[in-house]
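These notes are about the structure you will find just below.
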Amino acid sequence: MAFADRFLARGRDVHSGEVLARGGDPEAHSILQRTGFVPVVRLHETYHRLPIGLDIAEEERLATRAVARLRAVSYHVDADDAFDTMTREAHYQPLGSLVAGLAERIREATTSDEVADALTELTAFHDGVLIALGEVLTATAAFYEDLGQAPDLHTAKRLQYLAEHRLGVIRSDLTHMRNDLADRHQDHPQRRACTVDVGPDEREASAVCACPPPPPRLATSPAAAPAAPAAAAPANRRH
């Protein structure tokens with residue numbers, strides 16, 4: 001991570017009057033979003049703004065809270081006086097980080113059983129992550145149905161389609177893979193658990209770990225694009 005990514009600027013834009021935040025890395029951007037800011041992606045920059053329609057008191061409250069949250073995890077924030085604070089708000093592990101922990105378990109796994117256990121958290125029928133995500137999409141679709149603006153019904157149908165078809169395909173495929181790995185009981189041929197123990201045949205007394213380095217990954221060339229279908233022969237014309 002670049003050191004400059006630990007710095008952010010927070011203030012009210014002199015032209016638009018909007019409260020803007022610039023700078024920071026993806027973690028800082030997540031903190032801003034969880035405090036109510038909206039990301040704005042432009043051609044040459046990405047920054048964050050507060051939602052439209054807030055009164056000044058609410059803008060100051062949210063901006064001050066964002067400063068407190070960012071500084072609590074050691075970001076350097078250059079803020080307007082109206083948003084500056086000595087408060088540091090406690091930082092809790094977000095739900096996304098807990099789910100991302102499954103990826104770390106899979107990266108460290110040495111057996112098919114370990115990967116199957118991790119994938120179970122995604123694919124469990126009653127309370128798996130993907131089931132819960134489907135419920136979120138369905139609930140959001142139901143919320144949109146009754147908002148009353150012209151695009152809302154289309155948005156509701158789109159969310160329902162994603163929940164039933166796109167997400168359903170992912171859950172079905174991952175469930176099949178999870179069940180396949182659960183039946184294999186197979187050690188990964190290029191991974192093994194490291195005990196940090198030196199084998200009895202190790203001659204170097206200073207050795208800490210007798211595990212050989214992992215083999216280098218073979219570079220794979222991208223799959224060739226499928227050939228374009230041949231053009232149909234023109235129909236014979238009568239002269």
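Letters A, B, ... go to the chains of the structure tokens in the order shown; residues in each chain start at 1; ligands are counted from 1 in the same order.
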
- Ala90 in chain A: which residues within 9 Å, counting only C-alpha atoms, same-chain residues fewer than 6 positions away excluded, as a PyMOL selection string? chain A and resi 68-69+72-73

Once you have the residues from the selection above, write them out as a short mmCIF file (atom, residue, chain, number, x, y, z; two decimals), in the first residue's frame, restricted to C-alpha atoms.
data_model
loop_
_atom_site.label_atom_id
_atom_site.label_comp_id
_atom_site.auth_asym_id
_atom_site.auth_seq_id
_atom_site.Cartn_x
_atom_site.Cartn_y
_atom_site.Cartn_z
CA ALA A 68 -13.46 9.83 13.85
CA ARG A 69 -13.71 6.42 12.19
CA ALA A 72 -9.35 5.43 14.72
CA VAL A 73 -7.56 3.15 12.24
#

Mind checking which residues fall within 10 Å of Asp81 in chain A, counting only C-alpha atoms, ignoring those fewer than 5 positions away in the same chain, and posting them as a compact mmCIF listing (two decimals) with N, CA and C atoms, in the first residue's frame?
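Output (part_18.txt):
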# COMPACT_ATOMS: atom_id res chain seq x y z
N ARG A 10 -10.90 16.17 3.69
CA ARG A 10 -12.35 16.22 3.89
C ARG A 10 -12.76 17.67 4.05
N GLY A 11 -13.69 18.13 3.22
CA GLY A 11 -14.14 19.51 3.34
C GLY A 11 -15.31 19.81 2.44
N THR A 64 -18.16 14.45 10.50
CA THR A 64 -17.37 14.33 11.73
C THR A 64 -17.21 12.88 12.14

Apply DSSP to the structure's backbone, then extract all residues of range 44-90 of chain A labelled strand (DSSP E or B) and return them as an mmCIF file with C-alpha atoms, in the first residue's frame.
data_model
loop_
_atom_site.group_PDB
_atom_site.id
_atom_site.type_symbol
_atom_site.label_atom_id
_atom_site.label_comp_id
_atom_site.auth_asym_id
_atom_site.auth_seq_id
_atom_site.Cartn_x
_atom_site.Cartn_y
_atom_site.Cartn_z
ATOM 1 C CA THR A 46 -12.647 8.796 -7.599
ATOM 2 C CA TYR A 47 -13.957 10.702 -4.599
ATOM 3 C CA HIS A 48 -16.869 10.524 -2.166
ATOM 4 C CA ARG A 49 -19.725 12.899 -1.391
ATOM 5 C CA HIS A 76 -4.385 10.999 8.413
ATOM 6 C CA VAL A 77 -7.369 13.231 7.681
ATOM 7 C CA ASP A 78 -7.095 16.903 6.765
ATOM 8 C CA ALA A 79 -10.587 18.112 7.671
#

- Message: Can you tell me which residues surround His154 in chain A at a distance of at most 9 Å, considering only C-alpha atoms, apart from same-chain residues fewer than 5 positions away, and format the answer as a ChimeraX atom specification?
- Response: /A:144-145,159

With 12 Å as the cut-off and only C-alpha atoms counted, what is the closest atom pair between each nearby residue of range 102-138 of chain A and range 91-98 of chain A? Distances in Å to one decimal, ordered by chain and number, as a Markdown table.
| residue | atom | partner | partner_atom | distance |
| --- | --- | --- | --- | --- |
| A:Leu102 | CA | A:Leu98 | CA | 7.4 |
| A:Ala103 | CA | A:Leu98 | CA | 9.7 |
| A:Glu104 | CA | A:Leu98 | CA | 10.2 |
| A:Arg105 | CA | A:Leu98 | CA | 11.1 |
| A:Ala118 | CA | A:Leu98 | CA | 11.9 |
| A:Glu121 | CA | A:Leu98 | CA | 11.0 |
| A:Leu122 | CA | A:Leu98 | CA | 11.8 |
| A:Val129 | CA | A:Gly96 | CA | 10.6 |
| A:Leu133 | CA | A:Gly96 | CA | 11.9 |

- DSSP on the backbone, then: every residue of range 96-182 of chain A marked alpha helix (DSSP H), written as an MDAnalysis selection string. chainID A and resid 96:108 112:123 129:145 152:161 167:182

- Find the spatial neighbours of Phe83 in chain A, counting only C-alpha atoms, within a cut-off of 12 Å - ignore same-chain residues fewer than 3 positions away - and output them as JSON, numbers by chain. {"A": [9, 10, 11, 12, 19, 20, 21, 56, 57, 58, 59, 60, 61, 62, 63, 64, 65, 66, 67, 68, 77, 78, 79, 80, 86, 87]}

Write a file of the just-selected residues containing C-alpha atoms, as an mmCIF file, in the first residue's frame.
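Saved to result14.cif:
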data_model
loop_
_atom_site.group_PDB
_atom_site.id
_atom_site.type_symbol
_atom_site.label_atom_id
_atom_site.label_comp_id
_atom_site.auth_asym_id
_atom_site.auth_seq_id
_atom_site.Cartn_x
_atom_site.Cartn_y
_atom_site.Cartn_z
ATOM 1 C CA ALA A 9 -8.867 15.450 2.606
ATOM 2 C CA ARG A 10 -12.349 16.225 3.892
ATOM 3 C CA GLY A 11 -14.138 19.511 3.337
ATOM 4 C CA ARG A 12 -16.948 21.469 1.747
ATOM 5 C CA VAL A 19 -19.103 17.820 1.492
ATOM 6 C CA LEU A 20 -16.408 15.832 -0.331
ATOM 7 C CA ALA A 21 -13.729 13.347 0.695
ATOM 8 C CA ILE A 56 -26.217 21.206 7.368
ATOM 9 C CA ALA A 57 -26.438 19.662 10.836
ATOM 10 C CA GLU A 58 -26.730 16.136 9.404
ATOM 11 C CA GLU A 59 -23.884 16.764 6.964
ATOM 12 C CA GLU A 60 -21.626 17.889 9.794
ATOM 13 C CA ARG A 61 -22.626 14.907 11.929
ATOM 14 C CA LEU A 62 -21.810 12.356 9.205
ATOM 15 C CA ALA A 63 -18.597 14.084 8.120
ATOM 16 C CA THR A 64 -17.369 14.333 11.728
ATOM 17 C CA ARG A 65 -18.185 10.687 12.328
ATOM 18 C CA ALA A 66 -16.229 9.691 9.221
ATOM 19 C CA VAL A 67 -13.207 11.621 10.502
ATOM 20 C CA ALA A 68 -13.458 9.827 13.852
ATOM 21 C CA VAL A 77 -7.369 13.231 7.681
ATOM 22 C CA ASP A 78 -7.095 16.903 6.765
ATOM 23 C CA ALA A 79 -10.587 18.112 7.671
ATOM 24 C CA ASP A 80 -12.409 21.435 7.767
ATOM 25 C CA MET A 86 -10.722 14.331 18.810
ATOM 26 C CA THR A 87 -13.187 11.446 19.060
#

Hey, what's within 12 Å of Thr155 in chain A if we count only C-alpha atoms and toss same-chain stuff fewer than 4 positions away? As a PDB file with C-alpha atoms, in the first residue's frame, please?
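Result file is out-v6.pdb:
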ATOM      1  CA  LEU A 137     -31.888  -9.307  -3.121  1.00  0.00           C
ATOM      2  CA  THR A 138     -35.489 -10.476  -2.745  1.00  0.00           C
ATOM      3  CA  THR A 140     -34.683  -5.190  -1.780  1.00  0.00           C
ATOM      4  CA  ALA A 141     -36.849  -6.082  -4.782  1.00  0.00           C
ATOM      5  CA  ALA A 142     -39.959  -6.018  -2.581  1.00  0.00           C
ATOM      6  CA  PHE A 143     -38.918  -2.593  -1.255  1.00  0.00           C
ATOM      7  CA  TYR A 144     -38.530  -1.193  -4.773  1.00  0.00           C
ATOM      8  CA  GLU A 145     -41.933  -2.501  -5.925  1.00  0.00           C
ATOM      9  CA  ASP A 146     -43.839   0.033  -3.857  1.00  0.00           C
ATOM     10  CA  LEU A 147     -41.658   3.139  -4.178  1.00  0.00           C
ATOM     11  CA  GLY A 148     -43.830   4.485  -6.973  1.00  0.00           C
ATOM     12  CA  GLN A 149     -41.336   5.973  -9.416  1.00  0.00           C
ATOM     13  CA  ALA A 150     -41.278   4.848 -13.042  1.00  0.00           C
ATOM     14  CA  PRO A 151     -38.014   2.826 -12.987  1.00  0.00           C
ATOM     15  CA  LEU A 159     -33.248  -7.853  -8.603  1.00  0.00           C
ATOM     16  CA  GLN A 160     -35.633 -10.785  -8.581  1.00  0.00           C
ATOM     17  CA  TYR A 161     -34.077 -12.098 -11.787  1.00  0.00           C
ATOM     18  CA  LEU A 162     -30.584 -11.851 -10.296  1.00  0.00           C
TER      19      LEU A 162
END

- Using only C-alpha atoms: which of A:Arg6, A:His176, A:Arg88, A:Arg171 has the shortest distance to Thr123 in chain A: A:Arg171
